[in-house]
>>> print(open('protein_30.cif').read())   # mmCIF, C-alpha atoms (C1' of nucleotides)
data_input
#
loop_
_atom_site.label_atom_id
_atom_site.label_comp_id
_atom_site.auth_asym_id
_atom_site.auth_seq_id
_atom_site.Cartn_x
_atom_site.Cartn_y
_atom_site.Cartn_z
CA MET A 1 108.55 104.58 108.17
CA PRO A 2 105.03 103.43 107.43
CA GLU A 3 104.69 101.76 104.03
CA LEU A 4 101.74 99.68 102.82
CA PRO A 5 102.03 96.91 105.47
CA GLU A 6 102.38 99.36 108.34
CA VAL A 7 99.45 101.48 107.14
CA GLN A 8 97.29 98.37 106.66
CA SER A 9 98.23 97.05 110.12
CA MET A 10 97.28 100.34 111.75
CA ILE A 11 93.92 100.35 109.95
CA ASP A 12 93.25 96.75 110.96
CA ASN A 13 94.08 97.60 114.55
CA LEU A 14 91.86 100.68 114.69
CA ILE A 15 88.90 98.67 113.40
CA GLU A 16 89.69 95.85 115.83
CA GLU A 17 89.79 98.40 118.67
CA ASN A 18 86.23 99.39 117.72
CA CYS A 19 86.69 102.96 116.61
CA LEU A 20 83.93 102.68 114.00
CA ASN A 21 80.41 104.05 114.36
CA LYS A 22 81.04 106.24 117.40
CA GLN A 23 79.96 109.85 117.42
CA ILE A 24 82.77 112.39 117.29
CA THR A 25 82.26 114.76 120.19
CA ASN A 26 85.30 117.03 120.00
CA ILE A 27 88.50 117.60 118.03
CA GLU A 28 91.68 119.32 119.20
CA THR A 29 95.14 119.88 117.78
CA ILE A 30 98.46 121.40 118.77
CA MET A 31 99.64 121.49 115.14
CA PRO A 32 97.25 123.33 112.79
CA LYS A 33 99.81 123.10 109.97
CA LEU A 34 99.03 119.39 109.53
CA PHE A 35 95.77 120.28 107.79
CA LYS A 36 96.58 120.80 104.14
CA ASN A 37 93.44 121.64 102.18
CA CYS A 38 91.56 123.33 104.99
CA ASP A 39 92.25 125.17 108.21
CA PHE A 40 91.69 123.45 111.53
CA ASP A 41 88.27 125.05 112.07
CA GLN A 42 87.04 123.64 108.78
CA PHE A 43 88.45 120.23 109.67
CA LYS A 44 86.68 120.34 113.01
CA LYS A 45 83.40 121.38 111.42
CA HIS A 46 83.79 118.57 108.83
CA LEU A 47 84.12 115.88 111.52
CA MET A 48 82.04 117.20 114.41
CA ASN A 49 79.08 114.96 115.38
CA GLU A 50 79.83 112.52 112.54
CA LYS A 51 80.86 108.88 112.91
CA ILE A 52 83.69 107.00 111.21
CA THR A 53 81.87 104.30 109.26
CA ASN A 54 84.90 102.63 107.69
CA ILE A 55 88.65 103.02 107.15
CA THR A 56 90.16 102.06 103.80
CA ARG A 57 93.56 102.42 102.19
CA ASN A 58 94.86 103.81 98.93
CA GLY A 59 98.60 103.24 98.64
CA LYS A 60 99.99 104.62 101.90
CA TYR A 61 96.97 106.89 102.51
CA LEU A 62 94.39 106.10 105.16
CA VAL A 63 90.85 107.06 104.15
CA PHE A 64 88.38 107.64 106.98
CA HIS A 65 84.81 107.41 105.70
CA LEU A 66 82.32 109.48 107.69
CA THR A 67 78.57 109.77 107.88
CA HIS A 68 76.92 112.38 105.60
CA ASN A 69 79.06 111.50 102.60
CA LYS A 70 82.24 112.93 104.09
CA VAL A 71 85.81 111.66 104.14
CA PHE A 72 89.11 112.63 105.67
CA VAL A 73 92.46 111.36 104.47
CA VAL A 74 95.64 110.90 106.51
CA HIS A 75 99.19 110.30 105.34
CA LEU A 76 101.60 109.22 108.08
CA ARG A 77 104.79 110.13 106.19
CA MET A 78 107.80 109.23 108.34
CA GLU A 79 106.60 108.80 111.88
CA GLY A 80 102.84 109.20 112.03
CA LYS A 81 100.82 106.79 114.18
CA LEU A 82 97.16 106.52 115.15
CA PHE A 83 95.96 105.06 118.43
CA PHE A 84 92.39 104.56 119.63
CA GLU A 85 92.34 104.76 123.41
CA LYS A 86 90.47 105.76 126.51
CA ASN A 87 90.35 109.50 126.98
CA ASP A 88 91.98 109.30 130.39
CA SER A 89 94.85 107.04 129.28
CA PRO A 90 98.36 108.52 129.41
CA TYR A 91 99.88 109.92 126.22
CA ASP A 92 102.99 111.64 124.94
CA LYS A 93 102.14 115.32 125.44
CA LYS A 94 104.89 116.60 123.22
CA HIS A 95 104.26 114.50 120.11
CA THR A 96 100.53 113.79 120.15
CA LEU A 97 99.27 116.34 117.66
CA VAL A 98 95.59 115.59 116.96
CA PHE A 99 92.78 114.36 119.22
CA ILE A 100 89.52 113.11 117.71
CA GLU A 101 87.34 112.49 120.73
CA MET A 102 84.39 110.12 120.80
CA GLY A 103 82.81 110.26 124.24
CA ASP A 104 85.20 108.66 126.69
CA GLU A 105 87.45 107.38 123.90
CA VAL A 106 89.80 109.23 121.57
CA LEU A 107 91.64 108.70 118.31
CA ARG A 108 95.10 110.20 118.86
CA TYR A 109 97.56 111.13 116.13
CA HIS A 110 101.21 110.89 117.20
CA ASP A 111 104.03 112.18 114.99
CA THR A 112 107.51 113.11 116.28
CA ARG A 113 108.66 114.58 112.97
CA ARG A 114 105.40 116.36 112.23
CA PHE A 115 105.49 115.40 108.56
CA GLY A 116 102.06 113.82 108.33
CA THR A 117 99.12 115.32 106.46
CA PHE A 118 95.35 115.58 106.93
CA THR A 119 92.92 116.49 104.16
CA ILE A 120 89.12 116.54 103.86
CA TYR A 121 86.90 115.55 100.93
CA SER A 122 83.46 114.26 100.13
CA GLU A 123 82.90 110.57 99.46
CA ASP A 124 82.26 111.41 95.82
CA ASP A 125 85.45 113.28 95.08
CA TYR A 126 88.31 111.94 97.24
CA LEU A 127 89.34 109.47 94.52
CA ASP A 128 89.81 112.44 92.23
CA SER A 129 91.91 114.39 94.75
CA LYS A 130 95.36 115.24 93.53
CA GLU A 131 97.14 112.94 95.98
CA ILE A 132 94.99 109.83 95.44
CA LYS A 133 94.14 110.25 91.77
CA LYS A 134 97.70 109.70 90.60
CA LEU A 135 98.39 106.60 92.68
CA ALA A 136 99.17 103.44 90.76
CA LEU A 137 97.86 100.01 91.77
CA ASP A 138 99.53 98.44 94.79
CA PRO A 139 100.97 94.89 94.74
CA LEU A 140 98.08 93.50 96.81
CA GLN A 141 95.40 94.53 94.32
CA GLU A 142 93.83 91.91 92.06
CA GLU A 143 94.59 93.70 88.81
CA TYR A 144 98.27 94.11 89.61
CA ASP A 145 100.49 91.89 87.48
CA TRP A 146 103.88 91.94 85.80
CA LYS A 147 102.56 93.44 82.59
CA TYR A 148 101.08 96.36 84.48
CA LEU A 149 104.39 96.80 86.29
CA LYS A 150 106.41 96.56 83.11
CA ASN A 151 104.16 99.05 81.39
CA ASN A 152 104.66 101.57 84.20
CA LEU A 153 108.35 101.01 84.90
CA SER A 154 109.69 100.54 81.41
CA LYS A 155 108.78 104.09 80.45
CA SER A 156 111.45 105.37 82.79
CA SER A 157 115.14 105.89 82.28
CA ARG A 158 115.62 106.19 86.04
CA VAL A 159 117.19 103.49 88.17
CA ILE A 160 114.82 100.72 89.22
CA LYS A 161 114.81 101.51 92.93
CA THR A 162 113.79 105.11 92.32
CA SER A 163 111.04 103.93 89.97
CA LEU A 164 109.74 101.47 92.56
CA LEU A 165 109.47 104.26 95.12
CA ASP A 166 107.46 106.43 92.72
CA GLN A 167 103.84 105.98 93.82
CA THR A 168 102.58 106.69 90.31
CA ASN A 169 104.31 103.52 89.06
CA VAL A 170 103.36 101.19 91.90
CA ALA A 171 101.78 102.26 95.18
CA GLY A 172 102.65 101.30 98.75
CA ILE A 173 106.35 100.52 98.46
CA GLY A 174 108.85 102.56 100.49
CA ASN A 175 112.53 102.33 101.26
CA ILE A 176 112.46 99.13 103.33
CA TYR A 177 110.40 96.97 100.99
CA ALA A 178 112.07 98.30 97.83
CA ASP A 179 115.39 96.92 99.11
CA GLU A 180 113.84 93.58 100.07
CA ILE A 181 111.96 93.20 96.77
CA LEU A 182 115.07 93.92 94.69
CA PHE A 183 117.15 91.49 96.76
CA ALA A 184 114.55 88.73 96.36
CA SER A 185 114.51 89.45 92.63
CA LYS A 186 118.35 89.49 92.41
CA ILE A 187 118.35 92.89 90.75
CA HIS A 188 120.83 95.67 91.46
CA PRO A 189 118.98 98.81 92.68
CA THR A 190 120.78 101.05 90.20
CA LYS A 191 119.89 99.04 87.12
CA ILE A 192 118.06 101.26 84.63
CA ALA A 193 114.33 100.50 84.80
CA ASN A 194 113.67 100.34 81.08
CA GLU A 195 116.52 97.90 80.57
CA LEU A 196 115.02 95.13 82.70
CA SER A 197 114.01 91.86 81.05
CA ASP A 198 110.51 90.40 81.17
CA LYS A 199 111.76 87.83 83.66
CA GLU A 200 112.98 90.61 85.93
CA PHE A 201 109.62 92.39 85.78
CA LYS A 202 107.92 89.09 86.55
CA ASP A 203 110.22 88.57 89.53
CA ILE A 204 109.61 92.07 90.89
CA ALA A 205 105.85 91.69 90.47
CA LYS A 206 105.80 88.30 92.17
CA ASN A 207 108.17 89.24 95.01
CA SER A 208 106.48 92.58 95.73
CA THR A 209 103.16 90.81 96.28
CA LEU A 210 104.73 88.01 98.34
CA ILE A 211 106.79 90.32 100.54
CA LEU A 212 104.09 92.90 101.21
CA LYS A 213 101.59 90.15 101.97
CA LYS A 214 103.96 88.51 104.44
CA ALA A 215 104.74 91.90 105.99
CA VAL A 216 101.02 92.59 106.50
CA GLU A 217 100.65 89.16 108.13
CA ASN A 218 103.47 90.16 110.48
CA LYS A 219 101.94 93.59 111.21
CA GLY A 220 104.71 95.54 109.55
CA THR A 221 108.37 96.23 110.19
CA THR A 222 109.60 97.97 113.34
CA ILE A 223 113.12 99.30 112.83
CA SER A 224 112.93 102.13 115.33
CA THR A 225 109.66 103.85 116.16
CA TYR A 226 106.81 102.12 114.32
CA PHE A 227 104.03 100.62 116.44
CA TYR A 228 100.74 99.35 114.96
CA LYS A 229 99.24 99.76 118.40
CA LYS A 230 100.46 101.28 121.66
CA GLU A 231 103.75 99.59 122.53
CA LYS A 232 103.12 96.84 119.95
CA LYS A 233 105.92 96.37 117.44
CA GLY A 234 105.56 94.66 114.09
CA GLU A 235 107.41 91.41 113.47
CA PHE A 236 108.61 91.66 109.88
CA GLN A 237 112.01 93.09 110.91
CA ASN A 238 112.78 89.47 111.85
CA PHE A 239 112.43 88.52 108.18
CA LEU A 240 114.47 91.31 106.62
CA LYS A 241 117.26 89.94 104.46
CA VAL A 242 119.21 93.06 103.46
CA HIS A 243 117.61 96.25 104.76
CA THR A 244 119.51 97.41 107.90
CA LYS A 245 121.90 94.43 107.46
CA LYS A 246 125.07 96.28 106.45
CA GLY A 247 128.12 94.15 107.31
CA PHE A 248 126.08 91.01 107.89
CA PRO A 249 126.43 87.97 105.60
CA CYS A 250 123.96 87.63 102.74
CA PRO A 251 121.44 84.89 103.63
CA GLY A 252 121.91 83.50 100.13
CA CYS A 253 125.65 83.56 99.40
CA LYS A 254 127.30 84.81 102.63
CA ALA A 255 128.89 87.80 100.91
CA GLU A 256 128.83 90.96 103.01
CA ILE A 257 125.74 93.16 102.65
CA ILE A 258 126.67 96.72 101.69
CA LYS A 259 124.93 100.06 101.99
CA ILE A 260 124.97 102.61 99.20
CA LYS A 261 123.05 105.77 98.30
CA VAL A 262 120.52 105.70 95.51
CA ASN A 263 119.05 109.10 94.74
CA GLY A 264 119.74 110.21 98.28
CA ARG A 265 118.16 107.12 99.87
CA GLY A 266 120.03 104.63 102.00
CA THR A 267 120.02 101.36 100.06
CA TYR A 268 121.10 97.88 101.19
CA LEU A 269 122.09 95.08 98.83
CA CYS A 270 124.16 91.97 98.34
CA PRO A 271 126.85 92.86 95.79
CA ARG A 272 127.19 89.24 94.73
CA CYS A 273 123.51 88.26 94.35
CA GLN A 274 122.45 91.59 92.86
CA LYS A 275 124.83 92.16 90.00
CA MET A 276 124.62 94.96 87.48
"C1'" DA B 277 108.21 116.38 79.61
"C1'" DC B 278 111.08 114.49 82.39
"C1'" DA B 279 114.43 114.06 86.18
"C1'" DA B 280 117.25 115.66 89.87
"C1'" DT B 281 117.34 118.51 93.96
"C1'" DA B 282 115.57 121.22 97.92
"C1'" DT B 283 112.13 121.36 101.41
"C1'" DC B 284 109.39 120.23 105.41
"C1'" DC B 285 110.73 118.54 110.71
"C1'" DT B 286 112.78 116.52 114.83
"C1'" DG B 287 115.56 113.07 117.27
"C1'" DC B 288 119.57 110.84 117.43
"C1'" DG B 289 124.33 109.46 117.00
"C1'" DA B 290 129.03 110.64 115.68
"C1'" DG B 291 132.80 113.39 116.59
"C1'" DC B 292 135.44 116.88 118.76
"C1'" DT C 293 130.58 116.05 129.35
"C1'" DG C 294 128.24 118.82 126.31
"C1'" DC C 295 127.99 120.91 122.28
"C1'" DT C 296 127.42 121.14 117.03
"C1'" DC C 297 126.60 118.96 112.88
"C1'" DG C 298 124.69 115.97 109.66
"C1'" DC C 299 121.68 112.34 108.60
"C1'" DA C 300 117.15 109.93 108.19
"C1'" DG C 301 113.11 109.95 104.73
"C1'" DG C 302 107.66 110.48 101.60
"C1'" DA C 303 105.81 113.43 98.86
"C1'" DT C 304 105.67 117.97 96.88
"C1'" DA C 305 107.61 122.25 95.02
"C1'" DT C 306 111.21 124.04 92.65
"C1'" DT C 307 114.96 124.08 89.67
"C1'" DG C 308 117.62 122.16 85.86
#
>>> encode(input="protein_30.cif", output="C-alpha cells")
Amino acid sequence: MPELPEVQSMIDNLIEENCLNKQITNIETIMPKLFKNCDFDQFKKHLMNEKITNITRNGKYLVFHLTHNKVFVVHLRMEGKLFFEKNDSPYDKKHTLVFIEMGDEVLRYHDTRRFGTFTIYSEDDYLDSKEIKKLALDPLQEEYDWKYLKNNLSKSSRVIKTSLLDQTNVAGIGNIYADEILFASKIHPTKIANELSDKEFKDIAKNSTLILKKAVENKGTTISTYFYKKEKKGEFQNFLKVHTKKGFPCPGCKAEIIKIKVNGRGTYLCPRCQKM
DNA sequence: ACAATATCCTGCGAGC
DNA sequence: TGCTCGCAGGATATTG
C-alpha cells in the first residue's frame, strides 16, 4: 500500500524517466469512475495538449502541475501505480485503467483494486481543495517537530496508532510505517494518544522522520504488489522490524512478534518492548 | 464535535 | 479439485 515513501519513489522515478515537458496527445480510460470531481470528458479536456511541468507531493497525494495554470491530483489508495513507458510496450490489459499519451510514450495508471482517485484543479486552488487542505505536515517537512506532533495528537482520546494514521494529525503515514514507528519508539499501539509523555512524542517525531527518510532512500516497501517502476521492487521490506513479522523473534529482545487488530487494522508489535 | 463503523473493489488464501 | 467465504486497507460517508 503506497504511503509517503512509495509515493515519493514513484514521483522520483517518473521524473527520472523524463515524463516532464512533453505534450499530452491523447487520454483514454477503462474506468470513468476514478474521476471524482469531474467526468472523464472534462478530465480529458483539462489535460489535452498540455504538458506536465512538475510533479509534487502532499501527504500521499501526487500533484501533477500542467501548463496553463492547471493541476491534476492522484491518490493511489491501496494498489495504484504509475508507469511512464513506450506506447508499444506490453501492459496489463485488465488492470491498466488510465492512459495519458505523449506522442510515442504514455503515462499508464495501474490499479488492481480500482480504489485510486483522480481530481482536477487550477494551480491557484488545489491547496484549498477539500482533500489537500486538511492534510497535516508530514515527517519530512522542515517545520515538523515533536511539539507540532504533540499538539495534534494530544487532542485525541483515540489510541495512538489510529491517531498516527489520521492524515489531519500527521500526513504520509500508513499501516506499515505506523507499526514500525511505534516499535522504534517502544510504544504500544493501543496506548491512548493524549496520555503519552513528552518523551514519547519526541520519540515518535524523531523515529517517524528517520524511518520515512530511510524508506524513501530504499524506494519504499514491497510486501506484495508495490513497484516504484515496472518490475522494480522497493528495498525497505528488508529493514522491517515488526510489520509482517508475526511469529518471528523481536530484533531487540527476541520475544515473539504478535499481530493484533487496532480499529480494524492489522497491527504488529513486540509485546515485551511495547508495553502498555 | 467527536469517534466508531460501513463502504468502495478485487485478488488471494483458508477451509471444506 | 473447485467452490465459497472472509480478509486486506486509505479515505470518505454514514451512523452512533
>>> atom_distance(input="protein_30.cif", atom1="atom CA of A:His75", atom2="atom CA of A:Thr190")
27.9 Å
>>> interface_residues(input="protein_30.cif", of="chain B", to="chain A", cutoff="8 Å", atoms="only C-alpha atoms (C1' of nucleotides)", output="PyMOL selection string")
chain B and resi 279+284-286
>>> resolve_selection(input="protein_30.cif", expression="the PyMOL selection byres ((chain A) within 10 of (chain C))", output="number ranges by chain")
A: 1-3, 60, 75-79, 115-116, 131, 165-167, 174-175, 264-266
>>> atom_distance(input="protein_30.cif", atom1="atom CA of A:Thr244", atom2="atom CA of A:Leu82")
25.2 Å
>>> atom_distance(input="protein_30.cif", atom1="atom CA of A:His110", atom2="atom CA of A:Val98")
7.3 Å
>>> resolve_selection(input="protein_30.cif", expression="the PyMOL selection byres ((chain A and resi 109) around 9)", output="PyMOL selection string")
chain A and resi 80-83+95-100+107-108+110-111
>>> axis_aligned_box(input="protein_30.cif", around="stretch 293-305 of chain C", padding_each_side="8 Å", output="AutoDock Vina command-line options")
--center_x 118.1 --center_y 116.1 --center_z 112.2 --size_x 40.9 --size_y 28.3 --size_z 50.3
>>> resolve_selection(input="protein_30.cif", expression="the PyMOL selection byres ((chain A and resi 127) around 12)", output="PDB file with C-alpha atoms, keeping the file's coordinate frame")
ATOM      1  CA  THR A  56      90.160 102.060 103.800  1.00  0.00           C
ATOM      2  CA  ARG A  57      93.560 102.420 102.190  1.00  0.00           C
ATOM      3  CA  ASN A  58      94.860 103.810  98.930  1.00  0.00           C
ATOM      4  CA  GLY A  59      98.600 103.240  98.640  1.00  0.00           C
ATOM      5  CA  TYR A  61      96.970 106.890 102.510  1.00  0.00           C
ATOM      6  CA  VAL A  63      90.850 107.060 104.150  1.00  0.00           C
ATOM      7  CA  VAL A  71      85.810 111.660 104.140  1.00  0.00           C
ATOM      8  CA  PHE A  72      89.110 112.630 105.670  1.00  0.00           C
ATOM      9  CA  VAL A  73      92.460 111.360 104.470  1.00  0.00           C
ATOM     10  CA  ILE A 120      89.120 116.540 103.860  1.00  0.00           C
ATOM     11  CA  TYR A 121      86.900 115.550 100.930  1.00  0.00           C
ATOM     12  CA  SER A 122      83.460 114.260 100.130  1.00  0.00           C
ATOM     13  CA  GLU A 123      82.900 110.570  99.460  1.00  0.00           C
ATOM     14  CA  ASP A 124      82.260 111.410  95.820  1.00  0.00           C
ATOM     15  CA  ASP A 125      85.450 113.280  95.080  1.00  0.00           C
ATOM     16  CA  TYR A 126      88.310 111.940  97.240  1.00  0.00           C
ATOM     17  CA  ASP A 128      89.810 112.440  92.230  1.00  0.00           C
ATOM     18  CA  SER A 129      91.910 114.390  94.750  1.00  0.00           C
ATOM     19  CA  LYS A 130      95.360 115.240  93.530  1.00  0.00           C
ATOM     20  CA  GLU A 131      97.140 112.940  95.980  1.00  0.00           C
ATOM     21  CA  ILE A 132      94.990 109.830  95.440  1.00  0.00           C
ATOM     22  CA  LYS A 133      94.140 110.250  91.770  1.00  0.00           C
ATOM     23  CA  LYS A 134      97.700 109.700  90.600  1.00  0.00           C
ATOM     24  CA  LEU A 135      98.390 106.600  92.680  1.00  0.00           C
TER      25      LEU A 135
END
>>> residues_around(input="protein_30.cif", residues="A:Asn218", least_positions_apart="3", cutoff="9 Å", atoms="only C-alpha atoms (C1' of nucleotides)", output="PyMOL selection string")
chain A and resi 5+9+213-215+221+234-236
>>> closest_residue(input="protein_30.cif", among="A:Lys33, A:Arg272, A:Lys229, A:Lys219", to="A:Cys253", atoms="only C-alpha atoms")
A:Arg272
>>> residues_around(input="protein_30.cif", residues="stretch 202-206 of chain A", least_positions_apart="2", cutoff="6 Å", atoms="all atoms listed in the file", output="MDAnalysis selection string")
chainID A and resid 146 185 199:200 208:209
>>> decode(input="protein_30.cif", residues="stretch 179-193 of chain A", atoms="N, CA and C atoms", output="PDB file, in the first residue's frame")
ATOM      1  N   ASP A 179       3.277   0.936  12.328  1.00  0.00           N
ATOM      2  CA  ASP A 179       3.776  -0.162  13.168  1.00  0.00           C
ATOM      3  C   ASP A 179       5.272  -0.016  13.445  1.00  0.00           C
ATOM      4  N   GLU A 180       6.042   0.334  12.428  1.00  0.00           N
ATOM      5  CA  GLU A 180       7.491   0.450  12.580  1.00  0.00           C
ATOM      6  C   GLU A 180       7.867   1.634  13.486  1.00  0.00           C
ATOM      7  N   ILE A 181       7.151   2.737  13.335  1.00  0.00           N
ATOM      8  CA  ILE A 181       7.435   3.930  14.155  1.00  0.00           C
ATOM      9  C   ILE A 181       7.132   3.652  15.625  1.00  0.00           C
ATOM     10  N   LEU A 182       6.018   2.977  15.885  1.00  0.00           N
ATOM     11  CA  LEU A 182       5.651   2.696  17.283  1.00  0.00           C
ATOM     12  C   LEU A 182       6.596   1.670  17.905  1.00  0.00           C
ATOM     13  N   PHE A 183       7.053   0.711  17.101  1.00  0.00           N
ATOM     14  CA  PHE A 183       8.040  -0.241  17.634  1.00  0.00           C
ATOM     15  C   PHE A 183       9.343   0.479  17.985  1.00  0.00           C
ATOM     16  N   ALA A 184       9.823   1.302  17.064  1.00  0.00           N
ATOM     17  CA  ALA A 184      11.082   2.028  17.311  1.00  0.00           C
ATOM     18  C   ALA A 184      10.965   2.941  18.530  1.00  0.00           C
ATOM     19  N   SER A 185       9.741   3.405  18.780  1.00  0.00           N
ATOM     20  CA  SER A 185       9.524   4.310  19.920  1.00  0.00           C
ATOM     21  C   SER A 185       9.141   3.554  21.193  1.00  0.00           C
ATOM     22  N   LYS A 186       9.051   2.230  21.115  1.00  0.00           N
ATOM     23  CA  LYS A 186       8.675   1.374  22.255  1.00  0.00           C
ATOM     24  C   LYS A 186       7.347   1.782  22.882  1.00  0.00           C
ATOM     25  N   ILE A 187       6.366   2.009  21.993  1.00  0.00           N
ATOM     26  CA  ILE A 187       5.039   2.421  22.469  1.00  0.00           C
ATOM     27  C   ILE A 187       3.997   1.425  21.973  1.00  0.00           C
ATOM     28  N   HIS A 188       3.143   0.995  22.865  1.00  0.00           N
ATOM     29  CA  HIS A 188       2.077   0.061  22.478  1.00  0.00           C
ATOM     30  C   HIS A 188       1.059   0.794  21.603  1.00  0.00           C
ATOM     31  N   PRO A 189       0.646   0.176  20.474  1.00  0.00           N
ATOM     32  CA  PRO A 189      -0.249   0.854  19.533  1.00  0.00           C
ATOM     33  C   PRO A 189      -1.603   1.252  20.129  1.00  0.00           C
ATOM     34  N   THR A 190      -2.009   0.600  21.196  1.00  0.00           N
ATOM     35  CA  THR A 190      -3.327   0.939  21.750  1.00  0.00           C
ATOM     36  C   THR A 190      -3.238   1.874  22.963  1.00  0.00           C
ATOM     37  N   LYS A 191      -2.087   2.435  23.185  1.00  0.00           N
ATOM     38  CA  LYS A 191      -1.974   3.461  24.218  1.00  0.00           C
ATOM     39  C   LYS A 191      -2.787   4.687  23.791  1.00  0.00           C
ATOM     40  N   ILE A 192      -3.482   5.300  24.739  1.00  0.00           N
ATOM     41  CA  ILE A 192      -4.317   6.456  24.401  1.00  0.00           C
ATOM     42  C   ILE A 192      -3.418   7.654  24.072  1.00  0.00           C
ATOM     43  N   ALA A 193      -3.713   8.286  22.916  1.00  0.00           N
ATOM     44  CA  ALA A 193      -2.817   9.322  22.391  1.00  0.00           C
ATOM     45  C   ALA A 193      -2.575  10.461  23.376  1.00  0.00           C
TER      46      ALA A 193
END
